[in-house]
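*Asks:* Structure below; questions to follow.
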Amino acid sequence: MNSDLAQHEPGWAAEPRKVHVIQGEFHVSNEDVVMTTILGSCVAACIRDPVARVGGMNHFLLPGATGDEGLRYGVQSMELLVNALLRKGARRDRLEVKLFGGAHLFDGLSDVGAQNSNFAEAFVRDESLNYVGGSLRGDRARRIQYWPISGRARQILLAPTESRVFAVEQRRPAPAPAQDAGALELF
Amino acid sequence: MPASSSLTCLVVDDQQTMRSLVRTGLQQLGFRTIYEAPDGEEGLRHMLSRPIHLVISDYNMPKLDGLGLLRAIRSHPPIQKTAFIMLTGRADKELVQRAVQFGVNNYLVKPFTVATLKEKIEAIFGVLA
């Protein structure tokens with residue numbers, strides 16, 4: 001039986017459940033999962049607390065990528081991830097951050113990837129978070145896997161042709177950041 | 001019509017980046033005296049040591065969260081009438097309703113624009129000069 005083999009043979013242990021994180025979303029877990037995403041000019045922050053054994057990943061693209069409006073959206077994306085970690089027992093001073101993505105996939109267009117990368121690095125620096133590694137910029141799309149409890153991350157660079165196809169697919173408009181949802185009319 | 005330059009504001013958020021964004025927005029609206037605190041406890045100490053007209057506070061914070069700060073302010077007679085805007089990560093109806101019970105003046109869902117910030121402040125103080 002597979003379950004018996006899994007119990008006695010470490011090599012047969014069940015694969016951790018995969019959680020795919022798409023643009024504009026984040027996921028946090030303290031379970032044995034592997035978080036995955038594919039990045040072009042977007043950036044993913046992979047953050048964990050090694051003591052609380054909880055970690056998570058987000059995936060964001062600054063809309064317009066310049067100015068305060070884009071900045072607000074990026075800050076919100078990072079804050080949602082950090083707050084979700086804190087709610088699961090993480091402590092801000094123990095957080096370890098890895099950053100991936102921010103590629104420049106099209107010559108001649110503004111370097112949105114660099115702007116996303118610059119924002120992510122500035123956020124980590126300004127919030128005094130512990131940056132432990134990652135891979136930003138370049139000209140290739142990336143497939144990322146992240147194990148939130150161990151903090152292990154694996155990056156697979158897509159071939160240039162694959163990157164081009166992926167970039168074309170990604171050129172649809174980024175979802176607009178949620179503005180004040182009008183659902184609450186209390187004032 | 002109050003002059004925004006005459007209003008003092010305290011921004012309370014555990015994220016320095018968010019405090020800077022709010023500060024920038026307030027400066028664009030003409031505010032000149034802006035203080036910052038990284039959590040509710042330090043925010044309350046600011047409140048008790050200098051006159052503050054407006055508090056803009058995050059909800060999720062260590063030590064003393066936004067609701068705790070709001071309750072503390074409303075229970076201290078010298079500062080209990082200070083205007084208070086709660087920053088929330090999403091339109092959380094339950095949270096906003098609890099904040100209303102504790103006397104919040106308005107709320108702001110992140111990410112927000114300077115225009116929305118202005119609208120929320122003017123809903124409390126009237127049109128800013």
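Within each chain, counting starts at residue 1; across the structure tokens, chains are named A, B, ... in the order shown, with ligands numbered 1 upward in that order.
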Within 7 Å of chain A, which residues of chain B show up when using only C-alpha atoms, listed as a count of residues only?

*Replies:* 13

*Asks:* So what do you get for CA of His20 (chain A) versus CA of Gln115 (chain A), distance-wise?

*Replies:*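 We find that CA of His20 (chain A) and CA of Gln115 (chain A) lie 24.0 Å from each other.
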
*Asks:* Just the helix (DSSP H, G or I) stuff from region 12-173 of chain A, please, per backbone DSSP, written as JSON, numbers by chain.

*Replies:* {"A": [12, 67, 68, 69, 70, 71, 72, 73, 74, 75, 76, 77, 78, 79, 80, 81, 82, 83, 84, 85, 86, 87, 92, 93, 94, 112, 113, 114, 115, 116, 117, 118, 119, 120, 121, 122, 123, 124, 125, 126, 160, 161, 162, 163, 164, 165, 166, 167, 168, 169, 170]}

*Asks:* Of the candidates A:Ala153, A:Leu95, A:Gly40, A:Leu61, which one gets nearest to Ala141 (chain A) if we count only C-alpha atoms?

*Replies:* A:Gly40

*Asks:* Write out as a PDB file with N, CA, C and O atoms, in the first residue's frame which residues come within 8 Å of Ser5 (chain B) when counting only C-alpha atoms, dropping same-chain ones fewer than 6 positions away.

*Replies:*
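In the end it all went to result_29.pdb:
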ATOM      1  N   GLY B  30      -1.744  69.791   2.457  1.00  0.00           N
ATOM      2  CA  GLY B  30      -1.397  71.020   3.165  1.00  0.00           C
ATOM      3  C   GLY B  30      -1.064  70.850   4.639  1.00  0.00           C
ATOM      4  O   GLY B  30      -0.794  71.834   5.332  1.00  0.00           O
ATOM      5  N   PHE B  31      -1.104  69.614   5.137  1.00  0.00           N
ATOM      6  CA  PHE B  31      -0.759  69.401   6.550  1.00  0.00           C
ATOM      7  C   PHE B  31       0.742  69.659   6.742  1.00  0.00           C
ATOM      8  O   PHE B  31       1.561  69.271   5.914  1.00  0.00           O
ATOM      9  N   ARG B  32       1.049  70.303   7.839  1.00  0.00           N
ATOM     10  CA  ARG B  32       2.463  70.607   8.102  1.00  0.00           C
ATOM     11  C   ARG B  32       2.987  69.885   9.328  1.00  0.00           C
ATOM     12  O   ARG B  32       4.162  69.531   9.387  1.00  0.00           O
ATOM     13  N   THR B  33       2.123  69.707  10.327  1.00  0.00           N
ATOM     14  CA  THR B  33       2.584  69.076  11.570  1.00  0.00           C
ATOM     15  C   THR B  33       2.059  67.642  11.628  1.00  0.00           C
ATOM     16  O   THR B  33       0.878  67.419  11.892  1.00  0.00           O
TER      17      THR B  33
END

*Asks:* Please determine, counting only C-alpha atoms, which residue among B:Ala3, B:Ile124, B:Leu117, B:Leu48 has the shortest atom-to-atom distance to Gln80 (chain B).

*Replies:*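 For Gln80 (chain B), the nearest of the given residues is B:Leu48.
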
*Asks:* For Arg45 (chain B), please output as a list of chain:residue names all residues within 12 Å (counting only C-alpha atoms; exclusion window: fewer than 6 positions along the same chain).

*Replies:*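 So the residues in contact are B:Leu10, B:Val12, B:Tyr35, B:Glu36, B:Ala37, B:Pro38, B:Asp39, B:Pro51, B:Ile52, B:Leu64, B:Leu69, B:Ala72, B:Ile73, B:His76, B:Ile79.
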
*Asks:* Using only C-alpha atoms, can you tell me which of A:Ala159, A:Asp111, A:Cys42, A:Val54 comes closest to Leu99 (chain A)?

*Replies:*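 Looking at the shortest contact to Leu99 (chain A), the residue is A:Cys42.
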
*Asks:* Considering only C-alpha atoms, can you say which of A:Ala114, A:Ala120, A:Ala90, A:Ile47 comes closest to Phe26 (chain A)?

*Replies:*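 Of all the options, A:Ile47 lies closest to Phe26 (chain A).
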
*Asks:* Using only C-alpha atoms, which of the listed residues (B:Lys118, B:Ser6, B:Gly126, B:Phe102) sits closest to Leu29 (chain B)?

*Replies:* B:Lys118

*Asks:* Name the closest residue to Val33 (chain A) among the candidates A:Arg152, A:Arg140, A:Lys98, A:Arg164; distances are taken between atoms, counting only C-alpha atoms.

*Replies:*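 Of A:Arg152, A:Arg140, A:Lys98, A:Arg164, the one nearest Val33 (chain A), counting only C-alpha atoms, is A:Arg152.
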